[in-house]
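A.B. asks: Provided herewith: entry.cif, mmCIF, C-alpha atoms and all ligand atoms.
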```
data_protein
#
loop_
_atom_site.group_PDB
_atom_site.id
_atom_site.type_symbol
_atom_site.label_atom_id
_atom_site.label_comp_id
_atom_site.auth_asym_id
_atom_site.auth_seq_id
_atom_site.Cartn_x
_atom_site.Cartn_y
_atom_site.Cartn_z
ATOM 1 C CA MET A 1 135.533 125.484 131.319
ATOM 2 C CA LYS A 2 134.308 122.235 132.916
ATOM 3 C CA ILE A 3 131.702 122.819 135.634
ATOM 4 C CA ALA A 4 130.362 120.499 138.354
ATOM 5 C CA LEU A 5 126.893 121.677 139.335
ATOM 6 C CA ILE A 6 126.248 120.744 142.962
ATOM 7 C CA GLY A 7 122.498 121.146 143.339
ATOM 8 C CA TYR A 8 120.345 120.630 140.263
ATOM 9 C CA GLY A 9 117.173 122.384 141.363
ATOM 10 C CA LYS A 10 115.772 125.744 140.249
ATOM 11 C CA MET A 11 119.159 127.494 140.432
ATOM 12 C CA GLY A 12 121.222 124.550 139.148
ATOM 13 C CA LYS A 13 119.052 124.398 136.013
ATOM 14 C CA ALA A 14 119.149 128.203 135.483
ATOM 15 C CA ILE A 15 122.979 128.114 135.837
ATOM 16 C CA GLU A 16 123.242 125.207 133.380
ATOM 17 C CA ALA A 17 121.368 127.192 130.715
ATOM 18 C CA ILE A 18 123.588 130.272 131.085
ATOM 19 C CA ALA A 19 126.843 128.255 131.327
ATOM 20 C CA GLN A 20 126.083 126.207 128.197
ATOM 21 C CA GLY A 21 125.079 129.403 126.384
ATOM 22 C CA ARG A 22 128.582 130.732 127.147
ATOM 23 C CA GLY A 23 130.234 127.551 125.791
ATOM 24 C CA HIS A 24 131.022 125.837 129.112
ATOM 25 C CA GLU A 25 130.627 122.090 129.678
ATOM 26 C CA ILE A 26 128.618 120.680 132.591
ATOM 27 C CA VAL A 27 130.553 117.560 133.646
ATOM 28 C CA HIS A 28 128.358 116.671 136.657
ATOM 29 C CA ARG A 29 124.810 117.489 137.729
ATOM 30 C CA ILE A 30 124.714 116.492 141.385
ATOM 31 C CA ASP A 31 121.539 116.382 143.435
ATOM 32 C CA ILE A 32 120.335 114.579 146.523
ATOM 33 C CA ASN A 33 120.111 111.286 144.566
ATOM 34 C CA SER A 34 123.604 111.425 143.064
ATOM 35 C CA SER A 35 125.822 112.525 145.935
ATOM 36 C CA HIS A 36 128.358 109.749 145.059
ATOM 37 C CA LEU A 37 129.494 112.256 142.381
ATOM 38 C CA LEU A 38 130.863 114.374 145.233
ATOM 39 C CA GLU A 39 133.753 111.908 145.563
ATOM 40 C CA LYS A 40 137.235 113.292 144.879
ATOM 41 C CA GLU A 41 137.832 111.453 141.569
ATOM 42 C CA GLN A 42 134.525 112.668 140.135
ATOM 43 C CA LEU A 43 134.846 116.280 141.290
ATOM 44 C CA GLN A 44 138.392 116.480 139.938
ATOM 45 C CA GLN A 45 136.988 116.195 136.405
ATOM 46 C CA ALA A 46 135.743 119.802 136.827
ATOM 47 C CA ASP A 47 137.677 123.093 136.681
ATOM 48 C CA VAL A 48 135.222 124.656 139.109
ATOM 49 C CA ALA A 49 132.165 123.666 141.166
ATOM 50 C CA ILE A 50 129.020 125.777 141.595
ATOM 51 C CA GLU A 51 127.093 124.899 144.754
ATOM 52 C CA PHE A 52 123.372 125.807 145.170
ATOM 53 C CA THR A 53 121.783 123.212 147.466
ATOM 54 C CA THR A 54 120.283 123.502 150.952
ATOM 55 C CA PRO A 55 121.272 125.090 154.297
ATOM 56 C CA GLU A 56 121.886 121.565 155.693
ATOM 57 C CA THR A 57 124.185 120.354 152.890
ATOM 58 C CA ALA A 58 126.272 123.335 151.702
ATOM 59 C CA TYR A 59 129.000 123.035 154.369
ATOM 60 C CA HIS A 60 129.845 119.378 153.634
ATOM 61 C CA ASN A 61 129.679 119.915 149.869
ATOM 62 C CA ILE A 62 132.157 122.810 150.071
ATOM 63 C CA LEU A 63 134.587 120.723 152.162
ATOM 64 C CA LYS A 64 134.380 117.954 149.522
ATOM 65 C CA CYS A 65 135.410 120.482 146.864
ATOM 66 C CA PHE A 66 138.355 121.595 149.016
ATOM 67 C CA ALA A 67 139.411 117.944 149.447
ATOM 68 C CA ALA A 68 139.306 117.500 145.665
ATOM 69 C CA ASN A 69 141.286 120.732 145.089
ATOM 70 C CA VAL A 70 138.403 122.219 143.039
ATOM 71 C CA PRO A 71 137.547 125.951 143.353
ATOM 72 C CA VAL A 72 133.977 126.412 144.604
ATOM 73 C CA VAL A 73 131.393 129.138 144.077
ATOM 74 C CA CYS A 74 128.600 128.874 146.651
ATOM 75 C CA GLY A 75 125.215 130.609 146.583
ATOM 76 C CA THR A 76 123.377 128.495 149.145
ATOM 77 C CA THR A 77 121.914 130.624 151.944
ATOM 78 C CA GLY A 78 120.868 129.811 155.520
ATOM 79 C CA TRP A 79 124.133 128.221 156.767
ATOM 80 C CA LEU A 80 126.063 131.389 157.784
ATOM 81 C CA GLU A 81 126.990 130.038 161.243
ATOM 82 C CA LYS A 82 129.476 127.709 159.485
ATOM 83 C CA LEU A 83 130.975 130.384 157.210
ATOM 84 C CA PRO A 84 133.943 131.289 159.502
ATOM 85 C CA GLU A 85 134.902 127.590 159.689
ATOM 86 C CA VAL A 86 134.722 127.209 155.901
ATOM 87 C CA LYS A 87 136.896 130.293 155.418
ATOM 88 C CA ALA A 88 139.472 128.941 157.894
ATOM 89 C CA GLN A 89 139.520 125.567 156.098
ATOM 90 C CA CYS A 90 139.892 127.295 152.742
ATOM 91 C CA LEU A 91 142.998 129.148 153.899
ATOM 92 C CA GLU A 92 144.459 126.148 155.720
ATOM 93 C CA GLN A 93 144.037 123.883 152.682
ATOM 94 C CA HIS A 94 145.107 126.573 150.135
ATOM 95 C CA GLN A 95 141.813 126.374 148.264
ATOM 96 C CA ALA A 96 139.547 128.831 146.390
ATOM 97 C CA PHE A 97 136.120 129.849 147.723
ATOM 98 C CA LEU A 98 133.639 132.520 146.672
ATOM 99 C CA TYR A 99 130.370 132.994 148.563
ATOM 100 C CA ALA A 100 127.634 135.530 147.797
ATOM 101 C CA SER A 101 124.178 135.784 149.335
ATOM 102 C CA ASN A 102 123.149 137.223 145.966
ATOM 103 C CA PHE A 103 125.050 136.942 142.659
ATOM 104 C CA SER A 104 123.040 139.417 140.589
ATOM 105 C CA VAL A 105 124.801 142.569 139.392
ATOM 106 C CA GLY A 106 121.714 144.601 140.342
ATOM 107 C CA VAL A 107 121.701 143.440 143.970
ATOM 108 C CA ASN A 108 125.435 143.999 144.304
ATOM 109 C CA ILE A 109 124.915 147.611 143.163
ATOM 110 C CA PHE A 110 121.940 147.785 145.565
ATOM 111 C CA PHE A 111 124.309 146.691 148.391
ATOM 112 C CA GLU A 112 126.480 149.746 147.635
ATOM 113 C CA LEU A 113 123.404 152.055 147.685
ATOM 114 C CA ASN A 114 122.209 150.488 150.937
ATOM 115 C CA ARG A 115 125.556 151.032 152.636
ATOM 116 C CA ARG A 116 125.710 154.692 151.550
ATOM 117 C CA LEU A 117 122.086 155.375 152.530
ATOM 118 C CA ALA A 118 122.645 153.788 155.972
ATOM 119 C CA GLU A 119 125.687 156.023 156.415
ATOM 120 C CA LEU A 120 123.676 159.149 155.527
ATOM 121 C CA MET A 121 120.809 158.145 157.850
ATOM 122 C CA ALA A 122 123.068 157.316 160.814
ATOM 123 C CA THR A 123 122.735 160.811 162.305
ATOM 124 C CA GLN A 124 119.016 161.255 161.422
ATOM 125 C CA SER A 125 117.331 160.158 164.657
ATOM 126 C CA ASP A 126 113.778 160.978 163.426
ATOM 127 C CA TYR A 127 113.858 158.073 160.977
ATOM 128 C CA ARG A 128 113.150 154.398 161.767
ATOM 129 C CA SER A 129 114.669 151.815 159.420
ATOM 130 C CA SER A 130 112.972 148.549 158.468
ATOM 131 C CA MET A 131 113.123 145.883 155.753
ATOM 132 C CA VAL A 132 110.759 143.651 153.799
ATOM 133 C CA GLU A 133 111.915 140.663 151.716
ATOM 134 C CA ILE A 134 109.556 138.751 149.415
ATOM 135 C CA HIS A 135 110.325 135.297 147.964
ATOM 136 C CA HIS A 136 108.543 132.202 146.569
ATOM 137 C CA THR A 137 106.934 129.736 148.989
ATOM 138 C CA GLN A 138 109.540 126.956 148.421
ATOM 139 C CA LYS A 139 112.269 129.035 150.037
ATOM 140 C CA LYS A 140 113.626 127.192 153.100
ATOM 141 C CA ASP A 141 115.324 130.039 154.983
ATOM 142 C CA ALA A 142 114.036 133.314 156.444
ATOM 143 C CA PRO A 143 115.103 136.015 156.376
ATOM 144 C CA SER A 144 116.783 135.629 152.989
ATOM 145 C CA GLY A 145 120.576 135.617 152.788
ATOM 146 C CA THR A 146 120.385 138.889 150.866
ATOM 147 C CA ALA A 147 118.287 140.460 153.648
ATOM 148 C CA ILE A 148 120.892 139.405 156.224
ATOM 149 C CA THR A 149 123.674 140.994 154.143
ATOM 150 C CA LEU A 150 121.615 144.216 153.833
ATOM 151 C CA ALA A 151 120.870 144.167 157.590
ATOM 152 C CA GLU A 152 124.551 143.693 158.481
ATOM 153 C CA GLN A 153 125.428 146.707 156.309
ATOM 154 C CA ILE A 154 122.792 148.856 158.077
ATOM 155 C CA LEU A 155 123.857 147.690 161.552
ATOM 156 C CA GLU A 156 127.486 148.472 160.784
ATOM 157 C CA LYS A 157 126.582 152.108 160.014
ATOM 158 C CA GLN A 158 123.971 152.557 162.781
ATOM 159 C CA PRO A 159 125.510 151.803 166.206
ATOM 160 C CA ALA A 160 122.190 152.636 167.965
ATOM 161 C CA LYS A 161 120.874 149.319 166.610
ATOM 162 C CA THR A 162 122.157 146.198 168.333
ATOM 163 C CA GLY A 163 120.757 143.552 165.978
ATOM 164 C CA TRP A 164 117.955 142.451 163.631
ATOM 165 C CA VAL A 165 114.770 140.500 164.321
ATOM 166 C CA ASN A 166 112.722 138.546 161.774
ATOM 167 C CA GLU A 167 109.456 140.425 162.439
ATOM 168 C CA ALA A 168 108.093 143.970 162.478
ATOM 169 C CA THR A 169 109.236 145.796 165.612
ATOM 170 C CA THR A 170 108.814 149.127 167.367
ATOM 171 C CA ASP A 171 112.024 148.547 169.385
ATOM 172 C CA PRO A 172 114.383 151.341 168.219
ATOM 173 C CA THR A 173 117.424 149.195 169.037
ATOM 174 C CA LYS A 174 116.404 146.474 166.567
ATOM 175 C CA LEU A 175 116.090 146.364 162.781
ATOM 176 C CA GLY A 176 112.854 144.587 161.854
ATOM 177 C CA ILE A 177 112.936 142.304 158.798
ATOM 178 C CA VAL A 178 109.534 141.116 157.576
ATOM 179 C CA SER A 179 109.651 137.993 155.366
ATOM 180 C CA GLU A 180 106.764 137.413 152.953
ATOM 181 C CA ARG A 181 106.378 134.207 150.920
ATOM 182 C CA VAL A 182 104.350 134.692 147.721
ATOM 183 C CA ASP A 183 104.618 132.690 144.450
ATOM 184 C CA PRO A 184 106.351 133.075 142.076
ATOM 185 C CA ALA A 185 108.452 135.956 143.548
ATOM 186 C CA PRO A 186 112.132 135.337 142.561
ATOM 187 C CA GLY A 187 113.333 137.937 145.111
ATOM 188 C CA THR A 188 112.377 141.459 146.223
ATOM 189 C CA HIS A 189 114.128 143.497 148.934
ATOM 190 C CA ILE A 190 112.740 146.787 150.261
ATOM 191 C CA ILE A 191 114.588 149.086 152.695
ATOM 192 C CA GLN A 192 112.523 151.824 154.331
ATOM 193 C CA TYR A 193 113.357 154.829 156.473
ATOM 194 C CA ASP A 194 110.186 156.387 157.940
ATOM 195 C CA SER A 195 109.804 159.635 159.883
ATOM 196 C CA PRO A 196 106.604 161.518 160.849
ATOM 197 C CA ILE A 197 107.391 163.914 157.966
ATOM 198 C CA ASP A 198 108.353 161.613 155.101
ATOM 199 C CA SER A 199 109.693 158.234 153.990
ATOM 200 C CA ILE A 200 112.656 157.085 151.926
ATOM 201 C CA THR A 201 112.391 153.678 150.232
ATOM 202 C CA ILE A 202 114.854 151.765 148.060
ATOM 203 C CA THR A 203 113.773 148.529 146.349
ATOM 204 C CA HIS A 204 115.441 145.807 144.296
ATOM 205 C CA THR A 205 113.109 143.480 142.397
ATOM 206 C CA ALA A 206 114.429 140.426 140.524
ATOM 207 C CA HIS A 207 112.190 139.621 137.533
ATOM 208 C CA SER A 208 113.582 136.070 137.193
ATOM 209 C CA ARG A 209 116.506 133.876 138.381
ATOM 210 C CA GLU A 210 118.579 134.823 135.331
ATOM 211 C CA GLY A 211 120.574 137.531 137.151
ATOM 212 C CA PHE A 212 121.540 135.176 140.007
ATOM 213 C CA ALA A 213 122.567 132.443 137.535
ATOM 214 C CA ALA A 214 124.532 134.745 135.215
ATOM 215 C CA GLY A 215 126.385 136.221 138.223
ATOM 216 C CA ALA A 216 127.277 132.749 139.506
ATOM 217 C CA VAL A 217 128.709 131.730 136.111
ATOM 218 C CA THR A 218 130.693 134.995 135.901
ATOM 219 C CA ALA A 219 132.028 134.313 139.410
ATOM 220 C CA ALA A 220 133.059 130.763 138.396
ATOM 221 C CA GLU A 221 134.861 132.042 135.276
ATOM 222 C CA TRP A 222 136.676 134.586 137.480
ATOM 223 C CA LEU A 223 137.570 132.102 140.282
ATOM 224 C CA LYS A 224 138.785 129.197 138.120
ATOM 225 C CA ASP A 225 142.566 129.678 138.458
ATOM 226 C CA LYS A 226 142.683 131.572 141.762
ATOM 227 C CA LYS A 227 143.401 130.623 145.386
ATOM 228 C CA GLY A 228 141.874 132.379 148.411
ATOM 229 C CA ILE A 229 138.566 133.737 149.677
ATOM 230 C CA PHE A 230 136.606 136.128 147.482
ATOM 231 C CA SER A 231 133.254 137.894 147.111
ATOM 232 C CA MET A 232 131.232 139.481 144.304
ATOM 233 C CA LYS A 233 132.862 142.803 145.195
ATOM 234 C CA ASP A 234 136.110 141.315 143.865
ATOM 235 C CA VAL A 235 134.458 139.925 140.722
ATOM 236 C CA LEU A 236 132.628 143.170 139.885
ATOM 237 C CA SER A 237 135.421 145.506 141.131
ATOM 238 C CA LEU A 238 132.926 147.429 143.305
HETATM 239 N N1 LIG A 301 123.156 133.521 146.117
HETATM 240 C C1 LIG A 301 122.193 133.693 145.202
HETATM 241 O O1 LIG A 301 122.271 134.550 144.306
HETATM 242 C C2 LIG A 301 120.987 132.792 145.246
HETATM 243 C C3 LIG A 301 119.964 132.894 144.306
HETATM 244 C C4 LIG A 301 118.916 131.988 144.358
HETATM 245 C C5 LIG A 301 118.909 130.995 145.327
HETATM 246 N N2 LIG A 301 119.901 130.943 146.233
HETATM 247 C C6 LIG A 301 119.991 129.869 147.232
HETATM 248 O O2 LIG A 301 120.405 128.683 146.567
HETATM 249 C C7 LIG A 301 119.896 127.535 147.239
HETATM 250 C C8 LIG A 301 119.185 126.627 146.242
HETATM 251 O O3 LIG A 301 118.069 127.296 145.709
HETATM 252 P P1 LIG A 301 117.099 126.587 144.635
HETATM 253 O O4 LIG A 301 115.998 127.535 144.399
HETATM 254 O O5 LIG A 301 117.899 126.079 143.489
HETATM 255 O O6 LIG A 301 116.578 125.343 145.497
HETATM 256 P P2 LIG A 301 115.942 123.973 144.978
HETATM 257 O O7 LIG A 301 115.200 123.393 146.131
HETATM 258 O O8 LIG A 301 115.201 124.203 143.704
HETATM 259 O O9 LIG A 301 117.216 123.063 144.637
HETATM 260 C C9 LIG A 301 118.069 122.520 145.635
HETATM 261 C C10 LIG A 301 118.809 121.340 145.027
HETATM 262 O O10 LIG A 301 119.754 120.851 145.975
HETATM 263 C C11 LIG A 301 119.791 119.439 145.826
HETATM 264 N N3 LIG A 301 120.387 118.818 147.007
HETATM 265 C C12 LIG A 301 119.851 118.638 148.238
HETATM 266 N N4 LIG A 301 120.723 118.002 149.019
HETATM 267 C C13 LIG A 301 121.851 117.806 148.281
HETATM 268 C C14 LIG A 301 123.115 117.200 148.526
HETATM 269 N N5 LIG A 301 123.407 116.646 149.713
HETATM 270 N N6 LIG A 301 124.023 117.192 147.538
HETATM 271 C C15 LIG A 301 123.754 117.714 146.349
HETATM 272 N N7 LIG A 301 122.575 118.293 146.043
HETATM 273 C C16 LIG A 301 121.634 118.325 146.999
HETATM 274 C C17 LIG A 301 118.340 119.034 145.607
HETATM 275 O O11 LIG A 301 118.256 117.751 145.032
HETATM 276 C C18 LIG A 301 117.922 120.140 144.637
HETATM 277 O O12 LIG A 301 118.239 119.756 143.327
HETATM 278 C C19 LIG A 301 119.023 128.082 148.373
HETATM 279 O O13 LIG A 301 119.786 128.116 149.562
HETATM 280 C C20 LIG A 301 118.706 129.509 147.931
HETATM 281 O O14 LIG A 301 118.445 130.379 149.001
HETATM 282 C C21 LIG A 301 120.931 131.814 146.228
HETATM 283 O O1 LIG A 302 115.203 131.900 145.707
HETATM 284 C C1 LIG A 302 115.966 132.016 146.674
HETATM 285 O O2 LIG A 302 116.014 131.157 147.579
HETATM 286 C C2 LIG A 302 116.873 133.183 146.758
HETATM 287 N N1 LIG A 302 117.809 133.157 147.670
HETATM 288 C C3 LIG A 302 118.811 134.161 147.893
HETATM 289 C C4 LIG A 302 118.654 134.762 149.258
HETATM 290 O O3 LIG A 302 118.317 134.046 150.218
HETATM 291 O O4 LIG A 302 118.910 135.967 149.413
HETATM 292 C C5 LIG A 302 118.863 135.180 146.785
HETATM 293 C C6 LIG A 302 117.520 135.536 146.232
HETATM 294 C C7 LIG A 302 116.753 134.297 145.783
#
```
Once more with this new file: its structure as structure tokens, please.

C.D. replies:
Amino acid sequence: MKIALIGYGKMGKAIEAIAQGRGHEIVHRIDINSSHLLEKEQLQQADVAIEFTTPETAYHNILKCFAANVPVVCGTTGWLEKLPEVKAQCLEQHQAFLYASNFSVGVNIFFELNRRLAELMATQSDYRSSMVEIHHTQKKDAPSGTAITLAEQILEKQPAKTGWVNEATTDPTKLGIVSERVDPAPGTHIIQYDSPIDSITITHTAHSREGFAAGAVTAAEWLKDKKGIFSMKDVLSL
């Protein structure tokens, strides 16, 4: 499979290593200094594009892939306000798009645990839920995309909460998400339910970027000949 890597930073390089190890060819490595490679003729040399850039650039990069008729896997976080528009464009232009706030198999299993735990805790009014996410200091967005996905799952199951805030809170109607930035943390997410009697905690800790990169390559292999909008739930049959 021929891959265009859009974003050749920490994730782009980790994806390159996994993709080449699986026998794929990287036809373009596109970063901020080589954005001319986002032109239609260049992108069309790839079977699929994998986009890990910045919150400011993801939207335009994805639209360039649609214009070139190239399926795109996107892992960039921090641009969710534009996601509905991208999905609409994908359908209108009959393209293929797969977004995940986290591509690792472990986190996608953790999402399932989180949803079930939130469901069980929905009627337990003695417990207060909260979240902590820990990442490296170069991370541009807070809270992490993964934390937002986890928060949305909790809010869906707990109607007493009306939203999340990116700080610790005693407001029972809000889910507090504390963001810590500590090097070299690749990504830790902790969900807590505390009552005066006891606490329940579930944690996912990434030991490296390998899980994110391997998941993104698996998603690209899966998306290559498809049309439509997909998620890691589709790829992993969860
Ligand atoms: N979904 C996941 O599983 C997952 C995992 C890790 C990171 N991420 C997200 O991926 C993104 C990238 O993370 P990173 O650690 O690789 O960041 P990074 O800063 O190491 O790399 C970003 C890259 O984007 C490039 N870039 C910037 N503007 C560009 C443009 N206009 N066109 C093309 N390339 C451009 C930069 O040159 C750089 O190479 C972040 O949003 C991060 O939150 C997601
Ligand atoms: O390193 C990052 O940046 C990460 N971003 C994703 C997020 O925001 O959830 C996934 C974990 C690593």

A.B. asks: Identify, on the basis of all atoms listed in the file, every residue whose closest approach to Val72 (chain A) does not exceed 6 Å; exclude the query and any residue fewer than 4 positions from it along the same chain; express the result as a PDB file with C-alpha atoms, in the frame of the given file.

C.D. replies:
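Okay, this is what ended up in selection00.pdb:
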```pdb
ATOM      1  CA  VAL A  48     135.222 124.656 139.109  1.00  0.00           C
ATOM      2  CA  ALA A  49     132.165 123.666 141.166  1.00  0.00           C
ATOM      3  CA  ILE A  50     129.020 125.777 141.595  1.00  0.00           C
ATOM      4  CA  PHE A  97     136.120 129.849 147.723  1.00  0.00           C
TER       5      PHE A  97
END
```

A.B. asks: With a distance cut-off of 10 Å and only C-alpha atoms, select the neighbouring residues of Asp126 (chain A), excluding the residue or stretch itself and same-chain residues fewer than 5 positions from it, and output the selection as a PDB file with C-alpha atoms, in the frame of the given file.

C.D. replies:
```pdb
ATOM      1  CA  MET A 121     120.809 158.145 157.850  1.00  0.00           C
ATOM      2  CA  TYR A 193     113.357 154.829 156.473  1.00  0.00           C
ATOM      3  CA  ASP A 194     110.186 156.387 157.940  1.00  0.00           C
ATOM      4  CA  SER A 195     109.804 159.635 159.883  1.00  0.00           C
ATOM      5  CA  PRO A 196     106.604 161.518 160.849  1.00  0.00           C
ATOM      6  CA  ILE A 197     107.391 163.914 157.966  1.00  0.00           C
ATOM      7  CA  ASP A 198     108.353 161.613 155.101  1.00  0.00           C
TER       8      ASP A 198
END
```

A.B. asks: CA of Lys140 (chain A) and CA of Thr173 (chain A), how far apart in Å?

C.D. replies: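 Here the two named atoms are 27.4 Å from each other.
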
A.B. asks: Within 9 Å of Lys64 (chain A), counting all atoms listed in the file, which residues show up once you throw out same-chain ones fewer than 4 positions away? Write them as a count of residues only, please.

C.D. replies: 9

A.B. asks: Go through the shown structure with the PyMOL selection byres (((not hetatm)) within 8 of (chain A and resi 302)) and write out the matching residues as an MDAnalysis selection string.

C.D. replies: chainID A and resid 11 75:78 101:103 135:136 138:148 186:188 209 212

A.B. asks: Could you jot down the CA of Thr203 (chain A) to CA of Trp79 (chain A) separation for me, Å, one decimal place?

C.D. replies: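 The value is 25.1 Å.
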
A.B. asks: Pick from A:Phe66, A:Phe111, A:Tyr127, A:Tyr8: nearest to ligand LIG 301 (chain A), with all atoms listed in the file counted?

C.D. replies: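 Of A:Phe66, A:Phe111, A:Tyr127, A:Tyr8, the one nearest ligand LIG 301 (chain A) is A:Tyr8, counting all atoms listed in the file.
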
A.B. asks: For CA of Thr170 (chain A) and CA of Ile191 (chain A), quote the distance in Å rounded to one decimal.

C.D. replies: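 Between CA of Thr170 (chain A) and CA of Ile191 (chain A) the gap works out to 15.8 Å.
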
A.B. asks: Please provide the set of residues having any atom within 7 Å of region 223-236 of chain A, restricted to all atoms listed in the file, with same-chain residues fewer than 5 positions apart removed, written as number ranges by chain.

C.D. replies: A: 47-48, 71, 87, 90-91, 94-100, 103

A.B. asks: Taking into account all atoms listed in the file, which residue in the set A:Leu37, A:Ala14, A:Ile32, A:Leu150 is nearest to ligand LIG 301 (chain A)?

C.D. replies: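 Smallest distance to ligand LIG 301 (chain A) is found for A:Ile32.
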
A.B. asks: Please write as a ChimeraX atom specification the full residue list that the PyMOL selection byres (((chain A and resi 159-162) around 12) and not hetatm) yields on this file.

C.D. replies: /A:118-119,121-125,128-130,151-158,163-165,171-176

A.B. asks: Which residues, written as a ChimeraX atom specification, have at least one atom at most 7 Å from Val105 (chain A), with all atoms listed in the file counted and residues fewer than 2 positions away on the same chain left out?

C.D. replies: /A:103,107-109,211,215

A.B. asks: I'd like to know which of A:Ile15, A:Glu56, A:Glu41, A:Thr137 is closest to Asp183 (chain A), using only C-alpha atoms.

C.D. replies: A:Thr137

A.B. asks: For a cut-off of 10 Å around (106.4, 138.3, 155.0), file coordinates, pick out all residues using all atoms listed in the file and list them as number ranges by chain.

C.D. replies: A: 132-135, 142-143, 166-168, 177-182

A.B. asks: Which residue gives the smallest distance to Glu16 (chain A) among A:Ala213, A:Ile190, A:Ala219, A:Ile200, with only C-alpha atoms counted?

C.D. replies: A:Ala213

A.B. asks: Edge lengths and centre in Å to one decimal, as JSON, of the axis-aligned box that encloses all listed atoms of ligand LIG 301 (chain A) with 3 Å added on every side?

C.D. replies:
```
{"center_x": 119.6, "center_y": 125.6, "center_z": 146.5, "size_x": 14.8, "size_y": 23.9, "size_z": 12.4}
```
